[in-house]
$ cat model-v9.cif   # mmCIF, N, CA and C atoms
data_entry
loop_
_atom_site.group_PDB
_atom_site.id
_atom_site.type_symbol
_atom_site.label_atom_id
_atom_site.label_comp_id
_atom_site.auth_asym_id
_atom_site.auth_seq_id
_atom_site.Cartn_x
_atom_site.Cartn_y
_atom_site.Cartn_z
ATOM 1 N N MET A 19 133.407 99.773 103.207
ATOM 2 C CA MET A 19 133.967 99.189 101.991
ATOM 3 C C MET A 19 134.692 97.889 102.335
ATOM 4 N N LYS A 20 134.775 97.022 101.341
ATOM 5 C CA LYS A 20 135.470 95.755 101.526
ATOM 6 C C LYS A 20 136.982 95.944 101.468
ATOM 7 N N GLN A 21 137.659 94.967 102.051
ATOM 8 C CA GLN A 21 139.118 94.957 102.040
ATOM 9 C C GLN A 21 139.631 94.613 100.641
ATOM 10 N N ILE A 22 140.737 95.218 100.296
ATOM 11 C CA ILE A 22 141.496 94.851 99.105
ATOM 12 C C ILE A 22 142.884 94.467 99.596
ATOM 13 N N PHE A 23 143.480 93.478 98.957
ATOM 14 C CA PHE A 23 144.807 93.017 99.329
ATOM 15 C C PHE A 23 145.770 93.274 98.187
ATOM 16 N N ILE A 24 146.950 93.752 98.533
ATOM 17 C CA ILE A 24 148.048 93.870 97.578
ATOM 18 C C ILE A 24 149.054 92.801 97.965
ATOM 19 N N ILE A 25 149.316 91.899 97.051
ATOM 20 C CA ILE A 25 150.296 90.844 97.285
ATOM 21 C C ILE A 25 151.535 91.220 96.492
ATOM 22 N N SER A 26 152.621 91.427 97.204
ATOM 23 C CA SER A 26 153.889 91.770 96.575
ATOM 24 C C SER A 26 154.826 90.577 96.710
ATOM 25 N N THR A 27 155.356 90.132 95.584
ATOM 26 C CA THR A 27 156.290 89.012 95.627
ATOM 27 C C THR A 27 157.669 89.458 95.149
ATOM 28 N N THR A 28 158.668 88.820 95.695
ATOM 29 C CA THR A 28 160.051 89.054 95.294
ATOM 30 C C THR A 28 160.640 87.708 94.883
ATOM 31 N N TYR A 29 161.241 87.674 93.701
ATOM 32 C CA TYR A 29 161.860 86.438 93.237
ATOM 33 C C TYR A 29 163.065 86.091 94.109
ATOM 34 N N THR A 30 163.178 84.822 94.443
ATOM 35 C CA THR A 30 164.325 84.346 95.219
ATOM 36 C C THR A 30 165.273 83.507 94.366
ATOM 37 N N LYS A 31 164.889 83.304 93.116
ATOM 38 C CA LYS A 31 165.707 82.555 92.162
ATOM 39 C C LYS A 31 165.870 83.396 90.897
ATOM 40 N N SER A 32 166.670 82.917 89.974
ATOM 41 C CA SER A 32 166.941 83.654 88.732
ATOM 42 C C SER A 32 165.686 83.747 87.865
ATOM 43 N N LEU A 33 165.667 84.745 86.990
ATOM 44 C CA LEU A 33 164.562 84.883 86.035
ATOM 45 C C LEU A 33 164.447 83.647 85.148
ATOM 46 N N GLU A 34 165.564 83.023 84.856
ATOM 47 C CA GLU A 34 165.544 81.802 84.056
ATOM 48 C C GLU A 34 164.766 80.705 84.783
ATOM 49 N N GLU A 35 165.015 80.540 86.071
ATOM 50 C CA GLU A 35 164.310 79.533 86.866
ATOM 51 C C GLU A 35 162.823 79.895 87.003
ATOM 52 N N VAL A 36 162.538 81.158 87.290
ATOM 53 C CA VAL A 36 161.154 81.631 87.403
ATOM 54 C C VAL A 36 160.413 81.389 86.085
ATOM 55 N N GLY A 37 161.085 81.641 84.975
ATOM 56 C CA GLY A 37 160.472 81.492 83.666
ATOM 57 C C GLY A 37 159.961 80.088 83.376
ATOM 58 N N LYS A 38 160.558 79.091 83.986
ATOM 59 C CA LYS A 38 160.130 77.704 83.782
ATOM 60 C C LYS A 38 158.703 77.476 84.277
ATOM 61 N N TYR A 39 158.250 78.304 85.204
ATOM 62 C CA TYR A 39 156.926 78.135 85.815
ATOM 63 C C TYR A 39 155.972 79.276 85.469
ATOM 64 N N ARG A 40 156.395 80.156 84.578
ATOM 65 C CA ARG A 40 155.602 81.365 84.312
ATOM 66 C C ARG A 40 154.225 81.055 83.717
ATOM 67 N N GLN A 41 154.150 80.120 82.761
ATOM 68 C CA GLN A 41 152.856 79.793 82.170
ATOM 69 C C GLN A 41 151.911 79.211 83.217
ATOM 70 N N GLU A 42 152.403 78.318 84.066
ATOM 71 C CA GLU A 42 151.575 77.753 85.140
ATOM 72 C C GLU A 42 151.132 78.852 86.106
ATOM 73 N N HIS A 43 152.025 79.791 86.378
ATOM 74 C CA HIS A 43 151.699 80.917 87.257
ATOM 75 C C HIS A 43 150.595 81.771 86.630
ATOM 76 N N PHE A 44 150.695 82.054 85.316
ATOM 77 C CA PHE A 44 149.653 82.809 84.617
ATOM 78 C C PHE A 44 148.304 82.099 84.723
ATOM 79 N N GLU A 45 148.316 80.781 84.569
ATOM 80 C CA GLU A 45 147.071 80.016 84.666
ATOM 81 C C GLU A 45 146.490 80.114 86.077
ATOM 82 N N PHE A 46 147.347 80.090 87.093
ATOM 83 C CA PHE A 46 146.912 80.261 88.482
ATOM 84 C C PHE A 46 146.265 81.640 88.674
ATOM 85 N N ILE A 47 146.915 82.682 88.154
ATOM 86 C CA ILE A 47 146.372 84.037 88.276
ATOM 87 C C ILE A 47 145.026 84.124 87.554
ATOM 88 N N GLN A 48 144.962 83.647 86.320
ATOM 89 C CA GLN A 48 143.725 83.736 85.539
ATOM 90 C C GLN A 48 142.591 82.963 86.203
ATOM 91 N N LYS A 49 142.886 81.797 86.737
ATOM 92 C CA LYS A 49 141.868 81.003 87.435
ATOM 93 C C LYS A 49 141.242 81.808 88.573
ATOM 94 N N ASN A 50 142.061 82.544 89.291
ATOM 95 C CA ASN A 50 141.559 83.326 90.420
ATOM 96 C C ASN A 50 140.903 84.634 89.986
ATOM 97 N N ILE A 51 141.292 85.167 88.849
ATOM 98 C CA ILE A 51 140.556 86.305 88.273
ATOM 99 C C ILE A 51 139.166 85.825 87.867
ATOM 100 N N ASP A 52 139.107 84.693 87.182
ATOM 101 C CA ASP A 52 137.824 84.143 86.738
ATOM 102 C C ASP A 52 136.914 83.801 87.912
ATOM 103 N N ALA A 53 137.497 83.416 89.043
ATOM 104 C CA ALA A 53 136.730 83.064 90.240
ATOM 105 C C ALA A 53 136.302 84.289 91.041
ATOM 106 N N GLY A 54 136.737 85.490 90.591
ATOM 107 C CA GLY A 54 136.358 86.714 91.289
ATOM 108 C C GLY A 54 137.175 86.993 92.533
ATOM 109 N N LYS A 55 138.333 86.371 92.646
ATOM 110 C CA LYS A 55 139.189 86.555 93.815
ATOM 111 C C LYS A 55 140.330 87.542 93.564
ATOM 112 N N PHE A 56 140.848 87.570 92.334
ATOM 113 C CA PHE A 56 141.915 88.487 91.967
ATOM 114 C C PHE A 56 141.364 89.528 91.003
ATOM 115 N N ILE A 57 141.900 90.729 91.101
ATOM 116 C CA ILE A 57 141.531 91.810 90.194
ATOM 117 C C ILE A 57 142.543 91.902 89.059
ATOM 118 N N ALA A 58 143.817 91.772 89.395
ATOM 119 C CA ALA A 58 144.884 91.912 88.405
ATOM 120 C C ALA A 58 146.156 91.286 88.946
ATOM 121 N N GLY A 59 147.081 91.017 88.049
ATOM 122 C CA GLY A 59 148.387 90.516 88.437
ATOM 123 C C GLY A 59 149.388 90.862 87.364
ATOM 124 N N GLY A 60 150.642 91.057 87.752
ATOM 125 C CA GLY A 60 151.669 91.357 86.765
ATOM 126 C C GLY A 60 153.046 91.478 87.380
ATOM 127 N N ARG A 61 154.015 91.492 86.521
ATOM 128 C CA ARG A 61 155.417 91.563 86.929
ATOM 129 C C ARG A 61 155.793 93.000 87.244
ATOM 130 N N GLN A 62 156.654 93.172 88.224
ATOM 131 C CA GLN A 62 157.183 94.495 88.569
ATOM 132 C C GLN A 62 158.221 94.911 87.525
ATOM 133 N N ASN A 63 158.455 96.196 87.428
ATOM 134 C CA ASN A 63 159.499 96.743 86.555
ATOM 135 C C ASN A 63 160.484 97.518 87.408
ATOM 136 N N PRO A 64 161.735 97.111 87.466
ATOM 137 C CA PRO A 64 162.351 95.970 86.794
ATOM 138 C C PRO A 64 161.803 94.646 87.352
ATOM 139 N N PRO A 65 162.039 93.543 86.634
ATOM 140 C CA PRO A 65 161.416 92.267 86.981
ATOM 141 C C PRO A 65 162.059 91.577 88.199
ATOM 142 N N THR A 66 161.783 92.125 89.360
ATOM 143 C CA THR A 66 162.312 91.554 90.610
ATOM 144 C C THR A 66 161.256 90.756 91.358
ATOM 145 N N GLY A 67 160.036 90.736 90.830
ATOM 146 C CA GLY A 67 158.912 90.051 91.455
ATOM 147 C C GLY A 67 157.641 90.482 90.779
ATOM 148 N N GLY A 68 156.527 90.360 91.496
ATOM 149 C CA GLY A 68 155.247 90.715 90.908
ATOM 150 C C GLY A 68 154.288 91.285 91.931
ATOM 151 N N LEU A 69 153.141 91.718 91.431
ATOM 152 C CA LEU A 69 152.072 92.247 92.274
ATOM 153 C C LEU A 69 150.759 91.600 91.850
ATOM 154 N N ILE A 70 149.929 91.320 92.846
ATOM 155 C CA ILE A 70 148.579 90.809 92.617
ATOM 156 C C ILE A 70 147.644 91.666 93.450
ATOM 157 N N LEU A 71 146.505 92.035 92.877
ATOM 158 C CA LEU A 71 145.442 92.683 93.640
ATOM 159 C C LEU A 71 144.355 91.653 93.865
ATOM 160 N N ALA A 72 143.970 91.473 95.131
ATOM 161 C CA ALA A 72 142.949 90.485 95.480
ATOM 162 C C ALA A 72 141.788 91.163 96.185
ATOM 163 N N PHE A 73 140.611 90.558 96.012
ATOM 164 C CA PHE A 73 139.370 91.127 96.514
ATOM 165 C C PHE A 73 138.394 89.978 96.745
ATOM 166 N N ASN A 74 137.446 90.192 97.629
ATOM 167 C CA ASN A 74 136.383 89.226 97.822
ATOM 168 C C ASN A 74 136.868 87.952 98.496
ATOM 169 N N VAL A 75 137.904 88.079 99.327
ATOM 170 C CA VAL A 75 138.438 86.963 100.112
ATOM 171 C C VAL A 75 138.809 87.476 101.499
ATOM 172 N N THR A 76 138.864 86.557 102.450
ATOM 173 C CA THR A 76 139.430 86.895 103.745
ATOM 174 C C THR A 76 140.936 86.698 103.655
ATOM 175 N N ARG A 77 141.649 87.211 104.618
ATOM 176 C CA ARG A 77 143.101 87.021 104.620
ATOM 177 C C ARG A 77 143.442 85.529 104.678
ATOM 178 N N GLY A 78 142.722 84.787 105.503
ATOM 179 C CA GLY A 78 142.961 83.347 105.607
ATOM 180 C C GLY A 78 142.730 82.623 104.294
ATOM 181 N N GLU A 79 141.636 82.968 103.608
ATOM 182 C CA GLU A 79 141.365 82.369 102.295
ATOM 183 C C GLU A 79 142.470 82.717 101.306
ATOM 184 N N LEU A 80 142.903 83.967 101.346
ATOM 185 C CA LEU A 80 143.953 84.411 100.433
ATOM 186 C C LEU A 80 145.252 83.653 100.691
ATOM 187 N N GLU A 81 145.611 83.488 101.945
ATOM 188 C CA GLU A 81 146.840 82.755 102.270
ATOM 189 C C GLU A 81 146.774 81.321 101.747
ATOM 190 N N THR A 82 145.607 80.698 101.842
ATOM 191 C CA THR A 82 145.423 79.341 101.314
ATOM 192 C C THR A 82 145.537 79.331 99.795
ATOM 193 N N ILE A 83 144.891 80.287 99.138
ATOM 194 C CA ILE A 83 144.956 80.386 97.671
ATOM 195 C C ILE A 83 146.396 80.563 97.208
ATOM 196 N N LEU A 84 147.142 81.438 97.874
ATOM 197 C CA LEU A 84 148.511 81.732 97.437
ATOM 198 C C LEU A 84 149.430 80.518 97.542
ATOM 199 N N LYS A 85 149.112 79.582 98.394
ATOM 200 C CA LYS A 85 149.916 78.352 98.507
ATOM 201 C C LYS A 85 149.764 77.459 97.284
ATOM 202 N N GLU A 86 148.763 77.757 96.433
ATOM 203 C CA GLU A 86 148.567 77.017 95.187
ATOM 204 C C GLU A 86 149.406 77.576 94.036
ATOM 205 N N ASP A 87 150.011 78.729 94.229
ATOM 206 C CA ASP A 87 150.803 79.376 93.181
ATOM 207 C C ASP A 87 152.034 78.521 92.875
ATOM 208 N N PRO A 88 152.253 78.177 91.606
ATOM 209 C CA PRO A 88 153.440 77.403 91.248
ATOM 210 C C PRO A 88 154.747 78.067 91.704
ATOM 211 N N TYR A 89 154.794 79.391 91.725
ATOM 212 C CA TYR A 89 155.991 80.068 92.215
ATOM 213 C C TYR A 89 156.202 79.772 93.700
ATOM 214 N N TYR A 90 155.130 79.773 94.467
ATOM 215 C CA TYR A 90 155.210 79.448 95.890
ATOM 216 C C TYR A 90 155.615 77.988 96.076
ATOM 217 N N LYS A 91 154.940 77.091 95.364
ATOM 218 C CA LYS A 91 155.195 75.650 95.503
ATOM 219 C C LYS A 91 156.642 75.288 95.176
ATOM 220 N N ASN A 92 157.272 76.065 94.312
ATOM 221 C CA ASN A 92 158.643 75.766 93.883
ATOM 222 C C ASN A 92 159.672 76.686 94.542
ATOM 223 N N ASN A 93 159.268 77.337 95.626
ATOM 224 C CA ASN A 93 160.170 78.183 96.415
ATOM 225 C C ASN A 93 160.880 79.244 95.585
ATOM 226 N N LEU A 94 160.131 79.895 94.699
ATOM 227 C CA LEU A 94 160.703 80.902 93.813
ATOM 228 C C LEU A 94 160.447 82.331 94.281
ATOM 229 N N ILE A 95 159.590 82.502 95.310
ATOM 230 C CA ILE A 95 159.200 83.846 95.739
ATOM 231 C C ILE A 95 159.116 83.960 97.261
ATOM 232 N N GLU A 96 159.278 85.191 97.702
ATOM 233 C CA GLU A 96 158.884 85.597 99.045
ATOM 234 C C GLU A 96 157.669 86.485 98.863
ATOM 235 N N THR A 97 156.699 86.389 99.775
ATOM 236 C CA THR A 97 155.427 87.076 99.606
ATOM 237 C C THR A 97 155.107 87.974 100.789
ATOM 238 N N VAL A 98 154.634 89.182 100.500
ATOM 239 C CA VAL A 98 154.138 90.108 101.520
ATOM 240 C C VAL A 98 152.706 90.471 101.146
ATOM 241 N N ILE A 99 151.794 90.317 102.108
ATOM 242 C CA ILE A 99 150.385 90.663 101.888
ATOM 243 C C ILE A 99 150.092 91.946 102.652
ATOM 244 N N THR A 100 149.579 92.941 101.933
ATOM 245 C CA THR A 100 149.159 94.205 102.551
ATOM 246 C C THR A 100 147.656 94.332 102.365
ATOM 247 N N GLU A 101 146.954 94.537 103.469
ATOM 248 C CA GLU A 101 145.500 94.656 103.453
ATOM 249 C C GLU A 101 145.125 96.115 103.673
ATOM 250 N N PHE A 102 144.154 96.605 102.877
ATOM 251 C CA PHE A 102 143.684 97.961 103.134
ATOM 252 C C PHE A 102 142.209 98.094 102.787
ATOM 253 N N THR A 103 141.584 99.078 103.397
ATOM 254 C CA THR A 103 140.193 99.402 103.126
ATOM 255 C C THR A 103 140.171 100.716 102.358
ATOM 256 N N PRO A 104 139.757 100.693 101.089
ATOM 257 C CA PRO A 104 139.726 101.935 100.323
ATOM 258 C C PRO A 104 138.774 102.956 100.956
ATOM 259 N N ALA A 105 139.246 104.153 101.102
ATOM 260 C CA ALA A 105 138.406 105.243 101.606
ATOM 261 C C ALA A 105 137.735 105.971 100.449
ATOM 262 N N LEU A 106 138.409 106.017 99.312
ATOM 263 C CA LEU A 106 137.898 106.686 98.120
ATOM 264 C C LEU A 106 138.173 105.800 96.912
ATOM 265 N N LEU A 107 137.224 105.775 95.992
ATOM 266 C CA LEU A 107 137.381 104.987 94.778
ATOM 267 C C LEU A 107 136.852 105.761 93.581
ATOM 268 N N ASP A 108 137.523 105.634 92.453
ATOM 269 C CA ASP A 108 137.003 106.121 91.189
ATOM 270 C C ASP A 108 135.724 105.344 90.896
ATOM 271 N N LYS A 109 134.748 105.982 90.260
ATOM 272 C CA LYS A 109 133.464 105.321 90.015
ATOM 273 C C LYS A 109 133.611 104.039 89.195
ATOM 274 N N GLU A 110 134.662 103.938 88.394
ATOM 275 C CA GLU A 110 134.905 102.722 87.611
ATOM 276 C C GLU A 110 135.241 101.524 88.514
ATOM 277 N N PHE A 111 135.650 101.793 89.745
ATOM 278 C CA PHE A 111 136.050 100.738 90.666
ATOM 279 C C PHE A 111 135.037 100.505 91.778
ATOM 280 N N GLU A 112 133.880 101.132 91.696
ATOM 281 C CA GLU A 112 132.889 101.035 92.762
ATOM 282 C C GLU A 112 132.423 99.612 93.027
ATOM 283 N N LYS A 113 132.487 98.742 92.038
ATOM 284 C CA LYS A 113 132.060 97.359 92.270
ATOM 285 C C LYS A 113 132.925 96.676 93.324
ATOM 286 N N TYR A 114 134.105 97.198 93.596
ATOM 287 C CA TYR A 114 134.984 96.618 94.601
ATOM 288 C C TYR A 114 134.670 97.127 95.998
ATOM 289 N N SER A 115 133.653 97.971 96.130
ATOM 290 C CA SER A 115 133.310 98.516 97.443
ATOM 291 C C SER A 115 132.068 97.856 98.032
ATOM 292 N N ASN A 116 131.416 96.996 97.297
ATOM 293 C CA ASN A 116 130.186 96.356 97.763
ATOM 294 C C ASN A 116 130.439 95.016 98.405
#

$ encode --input "model-v9.cif" --output "structure tokens"
Amino acid sequence: MKQIFIISTTYTKSLEEVGKYRQEHFEFIQKNIDAGKFIAGGRQNPPTGGLILAFNVTRGELETILKEDPYYKNNLIETVITEFTPALLDKEFEKYSN
């Protein structure tokens, strides 16, 4: 099976400051979903950061892509990338195993 990446971000600035770049961040996420690189993205609850699921990229490609994130460019987040190989998948997610 292919690798899937979980990108966990933690805000380093106030929600007010993060909010100034939220629309640009959404556009960045959507662009990468449309390109087949991201599966999903969203804010954590409580809103201390966010999570992105990435697929169909190498770790190096992903690190380059993440540097395009407006939150990254404006020093609003710290990022942790976790890579894993799914051993089991629901049949609805089988397209992520090819």

$ resolve_selection --input "model-v9.cif" --expression "the PyMOL selection byres (((chain A and resi 74-81 and name CA) around 9) and name CA)" --output "PyMOL selection string"
chain A and resi 20-23+54-56+72-73+82-85+99+101+114

$ residues_around --input "model-v9.cif" --residues "Leu69 of chain A" --least-positions-apart "6" --cutoff "7 Å" --atoms "all atoms listed in the file" --output "count of residues only"
9

$ atom_distance --input "model-v9.cif" --atom1 "atom CA of Phe46 of chain A" --atom2 "atom CA of Lys109 of chain A"
28.5 Å

$ closest_residue --input "model-v9.cif" --among "A:Ala53, A:Glu112, A:Glu42, A:Gln48" --to "Tyr89 of chain A" --atoms "all atoms listed in the file"
A:Glu42

$ axis_aligned_box --input "model-v9.cif" --around "segment 80-98 of chain A" --padding-each-side "8 Å" --output "JSON"
{"center_x": 151.9, "center_y": 82.9, "center_z": 96.8, "size_x": 34.0, "size_y": 31.2, "size_z": 27.0}

$ atom_distance --input "model-v9.cif" --atom1 "atom CA of Ile70 of chain A" --atom2 "atom CA of Ile57 of chain A"
7.5 Å

$ atom_distance --input "model-v9.cif" --atom1 "atom N of Lys113 of chain A" --atom2 "atom C of Phe44 of chain A"
24.1 Å
